[in-house]
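Chemist: Submitted below is the structure of interest, expressed as structure tokens.
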Amino acid sequence: MNYNEFLNYIKDNILEVLKNQKDNEDSAEYEVSLHKISKNNGIVLDGLSIRKKGEYISPNIYLNSYYEGYQMGKPISVIMEEIVYRYEQIGEEATIKVEDLTDFNAIKDKIVLRLVNYEKNQEVLKHCPHRKYLDLAITFRYIASKGALGVASSLVSNTEFELWKVDLEELYHLALFNTMREFPWKMESLVKIVTDSIRNDKQDILSEELIQELEQMENGVSMYVLTNDHGINGATSMLYDHVIYNFAKVQDCNIYILPSSVHEVMLVPENADVEPEFLSNLVMEANQSTVGYIDLLSDHVYYYDKEREQVYIYGQN
């Protein structure tokens with residue numbers, strides 16, 4: 001089967017597999033559809049949606065990687081069983097109904113923020129409420145589920161926003177509060193993260209020697225990773241009240257902010273022995289060679305001025 005044939009075969013036959021695994025539950029209660037899903041930075045994936053009638057949100061199961069398995073010889077029957085298993089794992093937690101989305105009071109505690117690149121998401125931003133921030137856009141999402149399997153959320157569109165009759169600024173402050181509550185910030189030195197990773201690998205004495213060298217470097221290398229406790233879309237933590245303000249106060253200097261990816265930013269005190277041009281090159285090189293395009297946040301270094309208590313794009317303040 002080619003890719004399109006594969007997609008349609010899954011769509012046409014997945015309910016039969018679901019019915020068999022749910023003790024002959026009536027498959028007429030379910031609806032199956034294929035969608036082109038616009039992900040971050042304009043990347044489009046093929047998503048399969050299985051939902052019970054009356055539900056507004058169901059998890060999108062992305063089929064692109066499943067087709068890669070099919071091409072490598074995995075039987076289509078096994079693939080469909082895996083898709084059903086995935087659906088059952090995450091589907092039960094997605095509890096938002098159609099009526100919830102029309103009632104702002106019913107859903108307001110589930111709305112959170114996400115930072116994305118402004119220019120690379122222009123098409124999506126046409127259809128959703130957002131707020132410009134530096135070269136980024138602050139978007140709004142409602143959480144369908146949050147647990148050990150991760151976070152399932154959906155973008156708030158202009159349709160819902162217009163129904164709610166709320167001011168954008170009010171929505172922003174509400175969503176910021178929710179985001180800080182649901183995804184508390186987390187900060188660690190880069191050296192500690194690297195040394196902990198090496199220790200967890202439990203390798204030989206060479207690793208211990210490397211750890212000792214890194215720990216000796218820590219006084220001279222002042223880099224800190226700011227994310228959230230889930231490590232998912234943690235770059236949004238740079239918006240949290242007083243986080244960078246307090247960090248700059250403790251360091252007693254201005255702060256460079258490196259957008260490592262949508263999942264974290266790196267904080268570098270200005271008094272560290274490092275040139276801003278080096279940091280700019282570091283971000284550019286990482287984006288070109290290490291960071292996946294879907295996770296890319298920005299090519300710019302940001303700068304927090306502790307006297308003005310404000311973040312700028314470095315070189316533009």
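Please note that chains go A, B, ... in the order of the structure tokens, that every chain numbers its residues from 1, and that ligands are numbered from 1 in the order shown.
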Give me, as JSON, numbers by chain, the residues of stretch 79-175 of chain A that a backbone DSSP run labels strand (DSSP E or B).

Modeler: {"A": [97, 111, 112, 113, 114, 115, 116, 117, 130, 131, 132, 133, 136, 137, 138, 139, 140, 141, 142, 143, 144, 145, 146, 147, 150, 151, 152, 153, 154, 155]}

Chemist: Next, write the just-selected residues to a file, as a CSV table (one decimal), in the first residue's frame, keeping N, CA, C and O atoms as the atom set.

Modeler:
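Saved file result17.csv follows:
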chain,number,residue,atom,x,y,z
A,97,LYS,N,-16.4,18.1,26.5
A,97,LYS,CA,-17.6,18.0,25.7
A,97,LYS,C,-17.9,19.2,24.9
A,97,LYS,O,-17.4,20.3,25.2
A,111,ILE,N,-7.5,26.4,30.5
A,111,ILE,CA,-6.8,27.2,29.4
A,111,ILE,C,-5.4,27.5,29.8
A,111,ILE,O,-5.2,28.1,30.9
A,112,VAL,N,-4.4,27.2,29.0
A,112,VAL,CA,-3.0,27.5,29.3
A,112,VAL,C,-2.4,28.2,28.1
A,112,VAL,O,-3.0,28.4,27.0
A,113,LEU,N,-1.1,28.7,28.3
A,113,LEU,CA,-0.4,29.4,27.3
A,113,LEU,C,0.7,28.5,26.6
A,113,LEU,O,1.1,27.5,27.2
A,114,ARG,N,1.0,28.9,25.4
A,114,ARG,CA,2.1,28.2,24.7
A,114,ARG,C,2.8,29.3,23.9
A,114,ARG,O,2.2,30.1,23.2
A,115,LEU,N,4.2,29.3,23.9
A,115,LEU,CA,5.0,30.2,23.1
A,115,LEU,C,5.4,29.5,21.8
A,115,LEU,O,5.8,28.3,21.8
A,116,VAL,N,5.2,30.2,20.7
A,116,VAL,CA,5.6,29.7,19.4
A,116,VAL,C,6.3,30.8,18.6
A,116,VAL,O,6.1,32.0,18.9
A,117,ASN,N,7.0,30.4,17.5
A,117,ASN,CA,7.6,31.4,16.7
A,117,ASN,C,6.5,32.2,15.9
A,117,ASN,O,5.6,31.5,15.3
A,130,HIS,N,-4.2,35.4,19.8
A,130,HIS,CA,-2.8,35.3,20.2
A,130,HIS,C,-2.3,36.7,20.6
A,130,HIS,O,-2.9,37.7,20.4
A,131,ARG,N,-1.2,36.7,21.2
A,131,ARG,CA,-0.6,38.0,21.7
A,131,ARG,C,0.9,38.0,21.2
A,131,ARG,O,1.6,37.0,21.5
A,132,LYS,N,1.3,39.0,20.6
A,132,LYS,CA,2.7,39.1,20.1
A,132,LYS,C,3.6,39.4,21.3
A,132,LYS,O,3.3,40.2,22.2
A,133,TYR,N,4.8,38.7,21.3
A,133,TYR,CA,5.8,38.9,22.4
A,133,TYR,C,7.1,38.7,21.7
A,133,TYR,O,7.5,37.6,21.3
A,136,LEU,N,8.0,36.3,19.0
A,136,LEU,CA,7.2,35.1,19.3
A,136,LEU,C,5.7,35.4,19.4
A,136,LEU,O,5.3,36.6,19.3
A,137,ALA,N,4.9,34.4,19.5
A,137,ALA,CA,3.4,34.6,19.7
A,137,ALA,C,3.0,33.7,20.9
A,137,ALA,O,3.4,32.6,21.0
A,138,ILE,N,2.2,34.3,21.8
A,138,ILE,CA,1.6,33.6,22.9
A,138,ILE,C,0.3,33.1,22.4
A,138,ILE,O,-0.6,33.9,22.1
A,139,THR,N,0.1,31.8,22.4
A,139,THR,CA,-1.1,31.2,22.0
A,139,THR,C,-1.8,30.6,23.2
A,139,THR,O,-1.2,30.4,24.2
A,140,PHE,N,-3.1,30.2,23.0
A,140,PHE,CA,-3.9,29.7,24.1
A,140,PHE,C,-4.4,28.3,23.7
A,140,PHE,O,-4.8,28.0,22.6
A,141,ARG,N,-4.3,27.4,24.7
A,141,ARG,CA,-4.7,26.0,24.5
A,141,ARG,C,-5.6,25.5,25.7
A,141,ARG,O,-5.4,26.0,26.8
A,142,TYR,N,-6.5,24.6,25.4
A,142,TYR,CA,-7.2,24.0,26.5
A,142,TYR,C,-6.7,22.6,26.7
A,142,TYR,O,-6.6,21.8,25.7
A,143,ILE,N,-6.5,22.2,27.9
A,143,ILE,CA,-6.0,20.9,28.3
A,143,ILE,C,-7.1,19.9,28.3
A,143,ILE,O,-8.1,20.0,29.0
A,144,ALA,N,-7.0,18.8,27.4
A,144,ALA,CA,-7.9,17.7,27.4
A,144,ALA,C,-7.5,16.7,28.4
A,144,ALA,O,-8.4,16.0,29.1
A,145,SER,N,-6.3,16.4,28.6
A,145,SER,CA,-5.8,15.4,29.6
A,145,SER,C,-4.4,15.8,30.0
A,145,SER,O,-3.6,16.4,29.2
A,146,LYS,N,-4.0,15.4,31.2
A,146,LYS,CA,-2.7,15.6,31.7
A,146,LYS,C,-2.4,14.5,32.7
A,146,LYS,O,-3.1,14.3,33.7
A,147,GLY,N,-1.3,13.7,32.4
A,147,GLY,CA,-1.0,12.6,33.3
A,147,GLY,C,0.3,12.0,32.9
A,147,GLY,O,1.2,12.6,32.3
A,150,GLY,N,1.6,12.1,29.4
A,150,GLY,CA,1.9,13.4,28.8
A,150,GLY,C,0.7,14.3,28.8
A,150,GLY,O,-0.2,14.1,29.7
A,151,VAL,N,0.7,15.3,28.0
A,151,VAL,CA,-0.3,16.3,28.0
A,151,VAL,C,-1.0,16.3,26.6
A,151,VAL,O,-0.3,16.4,25.6
A,152,ALA,N,-2.3,16.2,26.6
A,152,ALA,CA,-3.1,16.4,25.4
A,152,ALA,C,-3.9,17.7,25.4
A,152,ALA,O,-4.6,17.9,26.4
A,153,SER,N,-3.7,18.5,24.4
A,153,SER,CA,-4.3,19.8,24.4
A,153,SER,C,-4.7,20.2,23.0
A,153,SER,O,-4.3,19.6,22.1
A,154,SER,N,-5.6,21.2,22.9
A,154,SER,CA,-6.0,21.7,21.6
A,154,SER,C,-6.0,23.2,21.6
A,154,SER,O,-6.3,23.9,22.6
A,155,LEU,N,-5.7,23.7,20.4
A,155,LEU,CA,-5.5,25.2,20.3
A,155,LEU,C,-6.9,25.8,20.4
A,155,LEU,O,-7.9,25.4,19.8

Chemist: Using only C-alpha atoms, which protein or nucleic acid residues come within 9 Å of stretch 238-251 of chain A? Drop anything in the same chain fewer than 3 positions from it, and give the result as a ChimeraX atom specification.

Modeler: /A:176-177,179-180,185,226-227,234-235,254-255,257,264-265,267,269-271,304-306,309-310

Chemist: In Å, with one decimal, what is the gap from atom CA of A:Tyr67 to atom CA of A:Ser33?

Modeler: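 For atom CA of A:Tyr67 relative to atom CA of A:Ser33, the distance reads 17.0 Å.
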
Chemist: What's around A:Asn64 at 8 Å? Count only C-alpha atoms, leave out sequence neighbours fewer than 3 positions away in its own chain, and write the answer as a PyMOL selection string.

Modeler: chain A and resi 45-46+67-68

Chemist: Compile the contact shell of A:Asn121 as a ChimeraX atom specification: residues with an atom at most 9 Å away, counting only C-alpha atoms, same-chain residues fewer than 6 positions apart removed.

Modeler: /A:39-42,137

Chemist: Output N, CA, C and O atoms for every residue in the selection just made, as a PDB file, in the first residue's frame.

Modeler:
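Saved file selection23.pdb follows:
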ATOM      1  N   LYS A  39       1.006  21.451  12.956  1.00  0.00           N
ATOM      2  CA  LYS A  39       1.788  21.470  14.184  1.00  0.00           C
ATOM      3  C   LYS A  39       2.636  22.732  14.219  1.00  0.00           C
ATOM      4  O   LYS A  39       2.506  23.616  13.375  1.00  0.00           O
ATOM      5  N   ASN A  40       3.511  22.812  15.185  1.00  0.00           N
ATOM      6  CA  ASN A  40       4.344  24.000  15.345  1.00  0.00           C
ATOM      7  C   ASN A  40       5.209  24.253  14.113  1.00  0.00           C
ATOM      8  O   ASN A  40       5.681  23.328  13.459  1.00  0.00           O
ATOM      9  N   ASN A  41       5.388  25.531  13.796  1.00  0.00           N
ATOM     10  CA  ASN A  41       6.251  25.981  12.696  1.00  0.00           C
ATOM     11  C   ASN A  41       5.795  25.496  11.325  1.00  0.00           C
ATOM     12  O   ASN A  41       6.611  25.286  10.423  1.00  0.00           O
ATOM     13  N   GLY A  42       4.494  25.291  11.164  1.00  0.00           N
ATOM     14  CA  GLY A  42       3.949  24.973   9.855  1.00  0.00           C
ATOM     15  C   GLY A  42       4.064  23.526   9.432  1.00  0.00           C
ATOM     16  O   GLY A  42       3.690  23.174   8.312  1.00  0.00           O
ATOM     17  N   ALA A 137       4.851  34.383  19.463  1.00  0.00           N
ATOM     18  CA  ALA A 137       3.421  34.561  19.679  1.00  0.00           C
ATOM     19  C   ALA A 137       3.015  33.730  20.882  1.00  0.00           C
ATOM     20  O   ALA A 137       3.430  32.574  21.032  1.00  0.00           O
TER      21      ALA A 137
END

Chemist: Select, from A:Lys110, A:His263, A:His230, A:Lys120, the residue with the minimum atom-to-atom distance to A:Asp299, counting only C-alpha atoms.

Modeler: A:Lys120

Chemist: Using atom CA of A:Gly231 and atom CA of A:Phe278 as the two end points, give the distance in Å to one decimal.

Modeler: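 For atom CA of A:Gly231 relative to atom CA of A:Phe278, the distance reads 25.8 Å.
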
Chemist: Measure the distance from atom CA of A:His300 to atom CA of A:Ile313 in Å and round it to one decimal.

Modeler: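 Taking atom CA of A:His300 as the start and atom CA of A:Ile313 as the end point, the length is 6.6 Å.
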
Chemist: For A:Leu296, find every residue with an atom within 7 Å (counting only C-alpha atoms), except residues of its own chain fewer than 6 positions away, and show them as a count of residues only.

Modeler: 3

Chemist: Let me make sure I understand: among A:Ser289, A:Ser298, A:Pro75, A:Asn228, which one has the smallest atom-to-atom distance to A:Ser260 if we use only C-alpha atoms?

Modeler: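 For A:Ser260, the nearest of the given residues is A:Ser298.
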
Chemist: List as a list in words the protein and nucleic acid residues near A:Val17, meaning an atom at most 9 Å away when only C-alpha atoms are counted, but skip any in the same chain fewer than 5 places from it.

Modeler: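 Those residues are Lys22, Ser77, Met80, Glu81 and Val84 of chain A.
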